[in-house]
>>> print(open('start-v5.tsv').read())   # TSV, C-alpha atoms and all ligand atoms
chain	number	residue	atom	x	y	z
A	566	MET	CA	84.19	-10.36	12.81
A	567	ALA	CA	81.35	-12.08	14.67
A	568	ILE	CA	79.77	-9.98	17.40
A	569	ASP	CA	79.36	-11.50	20.86
A	570	PHE	CA	75.87	-10.76	22.08
A	571	ASP	CA	74.71	-11.38	25.64
A	572	PRO	CA	72.91	-14.76	25.53
A	573	ASP	CA	70.09	-13.20	27.57
A	574	LEU	CA	69.55	-10.70	24.76
A	575	ILE	CA	69.43	-13.44	22.13
A	576	GLY	CA	67.06	-15.39	24.37
A	577	ALA	CA	64.78	-12.35	24.75
A	578	LEU	CA	64.84	-11.75	21.00
A	579	ARG	CA	63.96	-15.35	20.17
A	580	LYS	CA	61.23	-15.56	22.78
A	581	ALA	CA	59.62	-12.22	21.96
A	582	ARG	CA	56.20	-12.59	20.44
A	583	LYS	CA	55.72	-8.86	20.17
A	584	ILE	CA	58.56	-6.45	19.35
A	585	THR	CA	58.58	-2.67	19.12
A	586	VAL	CA	61.31	-0.93	17.13
A	587	LEU	CA	62.00	2.79	17.59
A	588	THR	CA	64.42	4.51	15.24
A	589	GLY	CA	66.03	7.93	14.97
A	590	ALA	CA	68.35	9.72	12.59
A	591	GLY	CA	71.22	7.30	13.28
A	592	VAL	CA	69.50	4.49	11.38
A	593	SER	CA	69.72	6.56	8.19
A	594	ALA	CA	73.23	7.95	8.84
A	595	GLU	CA	74.88	5.18	6.84
A	596	SER	CA	72.58	6.00	3.92
A	597	GLY	CA	74.21	9.43	3.83
A	598	ILE	CA	71.43	11.38	5.54
A	599	PRO	CA	72.91	13.62	8.23
A	600	THR	CA	71.77	13.28	11.84
A	601	PHE	CA	70.72	16.37	13.79
A	602	ARG	CA	73.22	16.58	16.63
A	603	ASP	CA	76.47	15.22	15.27
A	604	ALA	CA	79.24	17.63	16.24
A	605	LEU	CA	80.61	17.85	12.69
A	606	THR	CA	77.86	17.02	10.24
A	607	GLY	CA	74.65	17.38	12.26
A	608	LEU	CA	71.91	19.44	10.65
A	609	TRP	CA	71.34	21.45	13.81
A	610	GLN	CA	75.07	22.22	13.97
A	611	ASN	CA	75.04	23.60	10.44
A	612	PHE	CA	71.59	25.14	10.19
A	613	ASP	CA	69.50	27.10	12.64
A	614	ALA	CA	66.61	24.93	13.83
A	615	ALA	CA	64.71	27.98	15.09
A	616	ALA	CA	64.90	29.63	11.66
A	617	LEU	CA	63.87	26.52	9.75
A	618	ALA	CA	61.86	24.09	11.83
A	619	THR	CA	59.12	26.03	13.59
A	620	PRO	CA	55.67	27.27	12.55
A	621	ASP	CA	56.89	30.85	13.16
A	622	ALA	CA	59.84	30.35	10.81
A	623	PHE	CA	57.46	29.23	8.04
A	624	ARG	CA	55.13	32.19	8.62
A	625	ARG	CA	58.08	34.60	8.59
A	626	ASP	CA	59.82	33.25	5.51
A	627	PRO	CA	57.96	30.44	3.71
A	628	ALA	CA	60.37	30.37	0.74
A	629	LEU	CA	63.41	29.87	2.99
A	630	VAL	CA	61.78	27.03	4.89
A	631	TRP	CA	60.15	25.35	1.87
A	632	GLY	CA	63.42	25.50	-0.11
A	633	TRP	CA	65.33	23.95	2.77
A	634	TYR	CA	62.85	21.08	3.15
A	635	GLU	CA	62.87	20.48	-0.60
A	636	TRP	CA	66.65	20.15	-0.37
A	637	ARG	CA	66.23	17.59	2.41
A	638	ARG	CA	63.55	15.75	0.42
A	639	MET	CA	65.85	15.54	-2.62
A	640	ARG	CA	68.67	14.19	-0.45
A	641	ALA	CA	66.34	11.60	1.01
A	642	LEU	CA	65.11	10.58	-2.44
A	643	ALA	CA	68.70	10.18	-3.64
A	644	ALA	CA	69.61	7.99	-0.63
A	645	GLN	CA	69.18	4.23	-0.49
A	646	PRO	CA	68.12	2.09	2.49
A	647	ASN	CA	71.10	0.55	4.29
A	648	ALA	CA	71.61	-2.83	5.93
A	649	ALA	CA	69.94	-1.64	9.14
A	650	HIS	CA	66.69	-0.69	7.39
A	651	VAL	CA	66.77	-4.03	5.58
A	652	ALA	CA	67.40	-6.00	8.79
A	653	ILE	CA	64.43	-4.33	10.51
A	654	ALA	CA	62.20	-5.16	7.54
A	655	ARG	CA	63.41	-8.75	7.71
A	656	LEU	CA	62.66	-8.95	11.44
A	657	ALA	CA	59.09	-7.79	10.74
A	658	GLY	CA	58.72	-10.82	8.48
A	659	ARG	CA	59.99	-13.16	11.20
A	660	ALA	CA	58.62	-11.83	14.48
A	661	GLY	CA	55.03	-12.73	15.32
A	662	HIS	CA	54.16	-9.06	15.66
A	663	LEU	CA	56.36	-6.02	15.14
A	664	ASN	CA	55.50	-2.34	15.39
A	665	LEU	CA	57.96	0.11	13.85
A	666	PHE	CA	57.99	3.73	14.99
A	667	THR	CA	60.42	6.25	13.57
A	668	GLN	CA	61.29	9.84	14.30
A	669	ASN	CA	62.72	10.06	10.80
A	670	VAL	CA	61.04	12.01	8.04
A	671	ASP	CA	62.66	10.03	5.20
A	672	ASP	CA	61.03	6.95	3.64
A	673	LEU	CA	63.98	4.54	3.84
A	674	HIS	CA	62.16	2.07	6.12
A	675	GLU	CA	59.33	1.86	3.58
A	676	ARG	CA	61.75	1.43	0.70
A	677	ALA	CA	63.56	-1.34	2.60
A	678	GLY	CA	60.25	-3.21	2.74
A	679	SER	CA	58.93	-2.46	6.24
A	680	PRO	CA	55.16	-2.52	6.22
A	681	ASP	CA	53.17	0.02	8.23
A	682	VAL	CA	55.90	2.47	9.28
A	683	ARG	CA	54.60	4.94	11.85
A	684	HIS	CA	56.17	8.38	11.56
A	685	LEU	CA	56.16	10.16	14.91
A	686	HIS	CA	57.64	13.35	13.42
A	687	GLY	CA	55.83	13.29	10.09
A	688	SER	CA	57.30	12.86	6.62
A	689	LEU	CA	59.11	14.92	4.01
A	690	HIS	CA	57.01	13.13	1.42
A	691	HIS	CA	53.54	14.12	2.65
A	692	PRO	CA	53.21	17.91	2.51
A	693	ARG	CA	49.86	19.49	3.21
A	694	CYS	CA	48.13	22.85	3.01
A	695	SER	CA	49.01	25.11	5.94
A	696	GLY	CA	45.45	26.48	5.80
A	697	CYS	CA	43.01	23.63	5.16
A	698	ALA	CA	45.39	20.68	5.81
A	699	ARG	CA	44.53	19.02	2.50
A	700	PRO	CA	47.37	16.69	1.38
A	701	PHE	CA	49.40	17.93	-1.57
A	702	SER	CA	51.15	15.75	-4.17
A	703	LEU	CA	54.70	16.65	-5.08
A	704	PRO	CA	56.72	15.45	-8.04
A	705	ALA	CA	58.95	12.54	-7.00
A	706	ALA	CA	62.14	14.15	-8.22
A	707	ALA	CA	63.24	17.71	-8.81
A	708	PRO	CA	66.44	19.39	-9.91
A	709	VAL	CA	69.52	18.77	-7.79
A	710	GLU	CA	69.49	21.27	-4.97
A	711	PRO	CA	72.51	23.26	-3.84
A	712	GLU	CA	73.76	22.45	-0.31
A	713	GLY	CA	71.15	23.77	2.11
A	714	GLY	CA	68.64	24.39	-0.67
A	715	ARG	CA	67.56	27.62	-2.33
A	716	ARG	CA	64.70	29.94	-1.68
A	717	LEU	CA	61.63	28.41	-3.24
A	718	ALA	CA	58.08	29.67	-2.91
A	719	PRO	CA	55.84	26.89	-1.60
A	720	PRO	CA	53.13	25.69	-3.99
A	721	SER	CA	49.57	26.88	-3.43
A	722	CYS	CA	46.81	24.57	-2.32
A	723	PRO	CA	44.47	23.88	-5.26
A	724	ALA	CA	41.49	23.83	-2.88
A	725	CYS	CA	41.95	27.02	-0.84
A	726	GLY	CA	45.03	28.79	-2.19
A	727	GLY	CA	46.90	28.46	1.12
A	728	ALA	CA	50.65	27.87	1.23
A	729	VAL	CA	51.65	24.21	1.15
A	730	ARG	CA	53.90	23.28	4.09
A	731	PRO	CA	56.20	20.33	4.77
A	732	GLY	CA	54.42	17.38	6.37
A	733	VAL	CA	56.84	17.22	9.27
A	734	VAL	CA	56.33	17.97	12.96
A	735	TRP	CA	58.08	21.21	13.87
A	736	PHE	CA	59.30	22.40	17.24
A	737	ASN	CA	56.36	23.83	19.21
A	738	GLU	CA	53.95	21.49	17.41
A	739	SER	CA	52.22	18.39	18.71
A	740	LEU	CA	53.04	14.93	17.49
A	741	PRO	CA	50.25	13.01	15.72
A	742	GLU	CA	48.17	11.92	18.71
A	743	ASP	CA	47.10	8.56	17.34
A	744	ILE	CA	50.64	7.46	16.47
A	745	LEU	CA	52.05	8.67	19.78
A	746	ALA	CA	49.36	6.78	21.68
A	747	GLN	CA	50.15	3.66	19.64
A	748	ALA	CA	53.83	4.03	20.49
A	749	PHE	CA	53.17	4.22	24.23
A	750	ALA	CA	50.75	1.29	24.06
A	751	SER	CA	53.16	-0.77	22.00
A	752	CYS	CA	56.09	-0.13	24.33
A	753	THR	CA	54.11	-1.17	27.38
A	754	SER	CA	52.77	-4.34	25.79
A	755	SER	CA	55.87	-5.63	23.98
A	756	ASP	CA	58.31	-8.36	24.96
A	757	LEU	CA	61.27	-6.38	23.58
A	758	LEU	CA	61.93	-2.77	22.55
A	759	ILE	CA	64.76	-2.18	20.07
A	760	VAL	CA	65.94	1.44	20.00
A	761	VAL	CA	68.23	2.47	17.15
A	762	GLY	CA	70.16	5.67	16.48
A	763	THR	CA	68.43	8.27	18.58
A	764	SER	CA	70.03	10.70	21.00
A	765	GLY	CA	66.96	10.54	23.26
A	766	THR	CA	66.82	14.30	23.66
A	767	VAL	CA	63.50	15.13	22.04
A	768	TYR	CA	60.33	14.51	24.05
A	769	PRO	CA	57.88	12.87	24.27
A	770	VAL	CA	59.56	10.13	22.21
A	771	ALA	CA	62.59	10.09	24.52
A	772	GLN	CA	60.36	8.79	27.32
A	773	LEU	CA	59.49	5.58	25.52
A	774	PRO	CA	62.43	3.39	26.63
A	775	ASP	CA	61.84	4.29	30.25
A	776	VAL	CA	58.10	3.69	29.91
A	777	ALA	CA	58.81	0.28	28.36
A	778	ARG	CA	61.25	-0.72	31.11
A	779	ARG	CA	58.80	0.26	33.85
A	780	ALA	CA	56.19	-1.92	32.16
A	781	GLY	CA	58.59	-4.87	32.26
A	782	CYS	CA	59.69	-4.73	28.63
A	783	PRO	CA	63.47	-5.10	28.22
A	784	VAL	CA	65.14	-2.52	25.98
A	785	VAL	CA	68.13	-2.94	23.68
A	786	GLN	CA	69.78	0.14	22.22
A	787	VAL	CA	72.05	0.28	19.15
A	788	ASN	CA	74.19	3.41	19.00
A	789	PRO	CA	77.91	3.98	18.41
A	790	ALA	CA	77.94	6.68	21.11
A	791	ALA	CA	76.55	7.12	24.59
A	792	SER	CA	73.04	8.58	24.60
A	793	GLU	CA	70.55	9.99	27.08
A	794	LEU	CA	68.83	6.63	26.92
A	795	ASP	CA	71.68	4.46	28.19
A	796	ARG	CA	70.35	4.29	31.73
A	797	ALA	CA	66.89	3.19	30.62
A	798	CYS	CA	68.24	0.36	28.48
A	799	THR	CA	68.84	-3.24	29.47
A	800	TRP	CA	71.53	-3.68	26.82
A	801	ASN	CA	73.59	-0.94	25.15
A	802	LEU	CA	75.18	-2.20	21.94
A	803	ARG	CA	77.89	0.25	20.90
A	804	GLY	CA	78.28	0.23	17.15
A	805	SER	CA	76.68	1.40	13.95
A	806	ALA	CA	73.19	0.28	13.05
A	807	ALA	CA	74.21	-1.19	9.68
A	808	HIS	CA	76.88	-3.26	11.42
A	809	ILE	CA	75.06	-4.40	14.57
A	810	LEU	CA	71.46	-4.88	13.47
A	811	PRO	CA	71.96	-7.45	10.69
A	812	ALA	CA	74.14	-9.50	13.06
A	813	LEU	CA	71.63	-9.24	15.92
A	814	ILE	CA	68.58	-9.94	13.80
A	815	GLY	CA	70.42	-12.80	12.12
A	816	ARG	CA	70.38	-14.49	15.53
A	817	ALA	CA	66.58	-14.11	15.95
B	901	LIG	P1	70.03	12.98	16.74
B	901	LIG	O1	70.85	13.64	15.69
B	901	LIG	O2	69.67	13.77	17.94
B	901	LIG	O3	70.78	11.68	17.25
B	901	LIG	C1	71.26	10.73	16.35
B	901	LIG	C2	71.81	9.57	17.14
B	901	LIG	O4	72.23	8.57	16.23
B	901	LIG	C3	73.02	9.91	18.03
B	901	LIG	O5	72.83	9.37	19.32
B	901	LIG	C4	74.18	9.22	17.31
B	901	LIG	O6	75.19	8.75	18.21
B	901	LIG	C5	73.47	8.07	16.65
B	901	LIG	N1	74.13	7.55	15.45
B	901	LIG	C6	74.96	8.19	14.58
B	901	LIG	N2	75.36	7.38	13.61
B	901	LIG	C7	74.78	6.17	13.84
B	901	LIG	C8	74.81	4.91	13.19
B	901	LIG	N3	75.51	4.72	12.08
B	901	LIG	N4	74.10	3.89	13.73
B	901	LIG	C9	73.37	4.08	14.86
B	901	LIG	N5	73.31	5.24	15.52
B	901	LIG	C10	73.99	6.28	15.02
B	901	LIG	O7	68.73	12.38	16.02
B	901	LIG	P2	67.34	11.93	16.66
B	901	LIG	O8	67.53	11.35	18.01
B	901	LIG	O9	66.62	11.14	15.64
B	901	LIG	O10	62.98	16.36	15.37
B	901	LIG	O11	66.64	13.32	16.81
B	901	LIG	C11	65.34	13.37	17.33
B	901	LIG	C12	64.61	14.54	16.74
B	901	LIG	O12	65.40	15.72	16.91
B	901	LIG	C13	64.45	14.47	15.24
B	901	LIG	O13	63.35	13.70	14.84
B	901	LIG	C14	64.26	15.92	14.88
B	901	LIG	C15	65.38	16.50	15.69
B	901	LIG	O14	65.29	17.81	16.02
B	901	LIG	C16	62.36	17.36	14.74
B	901	LIG	O15	62.78	17.89	13.72
B	901	LIG	C17	61.09	17.75	15.42
>>> encode(input="start-v5.tsv", output="structure tokens")
Amino acid sequence: MAIDFDPDLIGALRKARKITVLTGAGVSAESGIPTFRDALTGLWQNFDAAALATPDAFRRDPALVWGWYEWRRMRALAAQPNAAHVAIARLAGRAGHLNLFTQNVDDLHERAGSPDVRHLHGSLHHPRCSGCARPFSLPAAAPVEPEGGRRLAPPSCPACGGAVRPGVVWFNESLPEDILAQAFASCTSSDLLIVVGTSGTVYPVAQLPDVARRAGCPVVQVNPAASELDRACTWNLRGSAAHILPALIGRA
């Protein structure tokens, strides 16, 4: 069924010379990658974030943490981009200028064809040494992991022997400064911000819609549920990303 969009939204989309897109776990939900805060399937409902996603957790039990992230990496590798990832990649080809920022650590935007994806929370696919920070190459595929992973000692860095760690941003860690600065700059200089599938509960990224609005950039949010960002958004489109985004971007 055709979706009725506010004509002002379609007008803003067509007029926009510069667009920023910000995505969260919801954009990959329809690819089968669980979100974090879903009441039934969310990762943080089923696993303890404090035991798995902090620098302390890795120091305490590297094999537990590494095994869990390898399980997530295998799930991400087995998943395919969905219609939302594809629509965003298509918009990048059409809009004069589009910057894509994601909080996701999977590579589904890249595999859908989006150029220059900026990962605010790092990537499952770019581990590095916890000592000297040298990047470490992992095999693309590994054996199928049991649900939640298995204990697995992290590889050792060939340069210094340190434990290799996942290339993600953990709680109590800073986001990559350059990418965060680019996100703020992009939101304040865009003609439209499209926010997809994020609960808006993790800072500093959760500030971006509000920062954009204050700078005069209208914000459209795609999310099947209410989020912390609703008040900051000009338009709240209630529905799944793979349903709404292709229809919206088809009107660009
Ligand atoms: P959350 O799990 O907090 O929120 C996912 C959002 O996606 C929710 O608002 C859902 O309603 C929405 N959603 C679910 N299915 C959707 C669909 N099919 N289409 C569109 N939206 C859908 O995930 P994030 O906001 O990405 O950080 O979480 C932010 C950060 O919190 C993550 O990057 C991660 C996590 O802890 C770290 O690990 C540091």
>>> closest_residue(input="start-v5.tsv", among="A:Pro700, A:Gly576, A:Gly678, A:Gly632", to="Ala654 (chain A)", atoms="all atoms listed in the file")
A:Gly678
>>> closest_residue(input="start-v5.tsv", among="A:Phe601, A:Phe623, A:Trp636, A:Phe666", to="Glu712 (chain A)", atoms="only C-alpha atoms")
A:Trp636
>>> residues_near_ligand(input="start-v5.tsv", ligand="ligand LIG 901 (chain B)", cutoff="6 Å", atoms="only C-alpha atoms and all ligand atoms", output="PDB file with C-alpha atoms, in the coordinates of the input")
ATOM      1  CA  GLY A 589      66.030   7.930  14.970  1.00  0.00           C
ATOM      2  CA  ALA A 590      68.350   9.720  12.590  1.00  0.00           C
ATOM      3  CA  GLY A 591      71.220   7.300  13.280  1.00  0.00           C
ATOM      4  CA  VAL A 592      69.500   4.490  11.380  1.00  0.00           C
ATOM      5  CA  ALA A 594      73.230   7.950   8.840  1.00  0.00           C
ATOM      6  CA  GLU A 595      74.880   5.180   6.840  1.00  0.00           C
ATOM      7  CA  THR A 600      71.770  13.280  11.840  1.00  0.00           C
ATOM      8  CA  PHE A 601      70.720  16.370  13.790  1.00  0.00           C
ATOM      9  CA  ARG A 602      73.220  16.580  16.630  1.00  0.00           C
ATOM     10  CA  ASP A 603      76.470  15.220  15.270  1.00  0.00           C
ATOM     11  CA  GLN A 668      61.290   9.840  14.300  1.00  0.00           C
ATOM     12  CA  ASN A 669      62.720  10.060  10.800  1.00  0.00           C
ATOM     13  CA  HIS A 686      57.640  13.350  13.420  1.00  0.00           C
ATOM     14  CA  VAL A 734      56.330  17.970  12.960  1.00  0.00           C
ATOM     15  CA  TRP A 735      58.080  21.210  13.870  1.00  0.00           C
ATOM     16  CA  PHE A 736      59.300  22.400  17.240  1.00  0.00           C
ATOM     17  CA  VAL A 761      68.230   2.470  17.150  1.00  0.00           C
ATOM     18  CA  GLY A 762      70.160   5.670  16.480  1.00  0.00           C
ATOM     19  CA  THR A 763      68.430   8.270  18.580  1.00  0.00           C
ATOM     20  CA  SER A 764      70.030  10.700  21.000  1.00  0.00           C
ATOM     21  CA  GLY A 765      66.960  10.540  23.260  1.00  0.00           C
ATOM     22  CA  VAL A 767      63.500  15.130  22.040  1.00  0.00           C
ATOM     23  CA  VAL A 787      72.050   0.280  19.150  1.00  0.00           C
ATOM     24  CA  ASN A 788      74.190   3.410  19.000  1.00  0.00           C
ATOM     25  CA  PRO A 789      77.910   3.980  18.410  1.00  0.00           C
ATOM     26  CA  ALA A 790      77.940   6.680  21.110  1.00  0.00           C
ATOM     27  CA  SER A 792      73.040   8.580  24.600  1.00  0.00           C
ATOM     28  CA  SER A 805      76.680   1.400  13.950  1.00  0.00           C
ATOM     29  CA  ALA A 806      73.190   0.280  13.050  1.00  0.00           C
TER      30      ALA A 806
END
>>> closest_residue(input="start-v5.tsv", among="A:Arg816, A:Ser688, A:Gly713, A:Gly661", to="Asn611 (chain A)", atoms="only C-alpha atoms")
A:Gly713
>>> residues_near_point(input="start-v5.tsv", point="(66.4, 9.2, -2.1)", cutoff="12 Å", atoms="all atoms listed in the file", output="PyMOL selection string")
chain A and resi 593+596-598+635-647+670-677+689-690+705-707+709
>>> atom_distance(input="start-v5.tsv", atom1="CA of Ala567 (chain A)", atom2="CA of Arg655 (chain A)")
19.5 Å
>>> decode(input="start-v5.tsv", residues="region 770-789 of chain A", atoms="N, CA and C atoms", output="PDB file, in the first residue's frame")
ATOM      1  N   VAL A 770      25.777  10.620  20.657  1.00  0.00           N
ATOM      2  CA  VAL A 770      25.071  10.545  19.365  1.00  0.00           C
ATOM      3  C   VAL A 770      23.610  10.994  19.495  1.00  0.00           C
ATOM      4  N   ALA A 771      23.005  10.699  20.638  1.00  0.00           N
ATOM      5  CA  ALA A 771      21.592  11.026  20.834  1.00  0.00           C
ATOM      6  C   ALA A 771      21.317  12.538  20.776  1.00  0.00           C
ATOM      7  N   GLN A 772      22.368  13.329  20.907  1.00  0.00           N
ATOM      8  CA  GLN A 772      22.191  14.790  20.835  1.00  0.00           C
ATOM      9  C   GLN A 772      22.004  15.289  19.416  1.00  0.00           C
ATOM     10  N   LEU A 773      22.434  14.495  18.433  1.00  0.00           N
ATOM     11  CA  LEU A 773      22.554  15.020  17.071  1.00  0.00           C
ATOM     12  C   LEU A 773      21.245  15.572  16.493  1.00  0.00           C
ATOM     13  N   PRO A 774      20.099  14.880  16.660  1.00  0.00           N
ATOM     14  CA  PRO A 774      18.871  15.440  16.089  1.00  0.00           C
ATOM     15  C   PRO A 774      18.545  16.823  16.653  1.00  0.00           C
ATOM     16  N   ASP A 775      18.727  16.964  17.957  1.00  0.00           N
ATOM     17  CA  ASP A 775      18.441  18.248  18.584  1.00  0.00           C
ATOM     18  C   ASP A 775      19.405  19.333  18.077  1.00  0.00           C
ATOM     19  N   VAL A 776      20.653  18.966  17.951  1.00  0.00           N
ATOM     20  CA  VAL A 776      21.669  19.907  17.451  1.00  0.00           C
ATOM     21  C   VAL A 776      21.309  20.337  16.024  1.00  0.00           C
ATOM     22  N   ALA A 777      20.864  19.375  15.218  1.00  0.00           N
ATOM     23  CA  ALA A 777      20.483  19.701  13.836  1.00  0.00           C
ATOM     24  C   ALA A 777      19.302  20.668  13.835  1.00  0.00           C
ATOM     25  N   ARG A 778      18.269  20.338  14.601  1.00  0.00           N
ATOM     26  CA  ARG A 778      17.068  21.183  14.632  1.00  0.00           C
ATOM     27  C   ARG A 778      17.408  22.618  15.028  1.00  0.00           C
ATOM     28  N   ARG A 779      18.242  22.749  16.069  1.00  0.00           N
ATOM     29  CA  ARG A 779      18.610  24.096  16.537  1.00  0.00           C
ATOM     30  C   ARG A 779      19.361  24.867  15.461  1.00  0.00           C
ATOM     31  N   ALA A 780      20.053  24.125  14.585  1.00  0.00           N
ATOM     32  CA  ALA A 780      20.800  24.794  13.512  1.00  0.00           C
ATOM     33  C   ALA A 780      19.912  25.028  12.292  1.00  0.00           C
ATOM     34  N   GLY A 781      18.631  24.686  12.416  1.00  0.00           N
ATOM     35  CA  GLY A 781      17.704  24.956  11.310  1.00  0.00           C
ATOM     36  C   GLY A 781      17.566  23.816  10.320  1.00  0.00           C
ATOM     37  N   CYS A 782      18.113  22.650  10.675  1.00  0.00           N
ATOM     38  CA  CYS A 782      18.018  21.501   9.763  1.00  0.00           C
ATOM     39  C   CYS A 782      16.823  20.642  10.184  1.00  0.00           C
ATOM     40  N   PRO A 783      15.828  20.457   9.316  1.00  0.00           N
ATOM     41  CA  PRO A 783      14.698  19.604   9.689  1.00  0.00           C
ATOM     42  C   PRO A 783      15.133  18.145   9.828  1.00  0.00           C
ATOM     43  N   VAL A 784      14.413  17.406  10.683  1.00  0.00           N
ATOM     44  CA  VAL A 784      14.816  16.035  11.001  1.00  0.00           C
ATOM     45  C   VAL A 784      13.639  15.093  10.775  1.00  0.00           C
ATOM     46  N   VAL A 785      13.871  14.035  10.018  1.00  0.00           N
ATOM     47  CA  VAL A 785      12.831  13.012   9.856  1.00  0.00           C
ATOM     48  C   VAL A 785      13.343  11.719  10.487  1.00  0.00           C
ATOM     49  N   GLN A 786      12.486  11.114  11.297  1.00  0.00           N
ATOM     50  CA  GLN A 786      12.853   9.880  11.987  1.00  0.00           C
ATOM     51  C   GLN A 786      12.006   8.710  11.477  1.00  0.00           C
ATOM     52  N   VAL A 787      12.654   7.572  11.241  1.00  0.00           N
ATOM     53  CA  VAL A 787      11.945   6.346  10.855  1.00  0.00           C
ATOM     54  C   VAL A 787      12.141   5.333  11.981  1.00  0.00           C
ATOM     55  N   ASN A 788      11.042   4.946  12.598  1.00  0.00           N
ATOM     56  CA  ASN A 788      11.111   4.014  13.730  1.00  0.00           C
ATOM     57  C   ASN A 788       9.707   3.464  13.976  1.00  0.00           C
ATOM     58  N   PRO A 789       9.552   2.167  14.131  1.00  0.00           N
ATOM     59  CA  PRO A 789       8.204   1.637  14.370  1.00  0.00           C
ATOM     60  C   PRO A 789       7.653   2.017  15.741  1.00  0.00           C
TER      61      PRO A 789
END
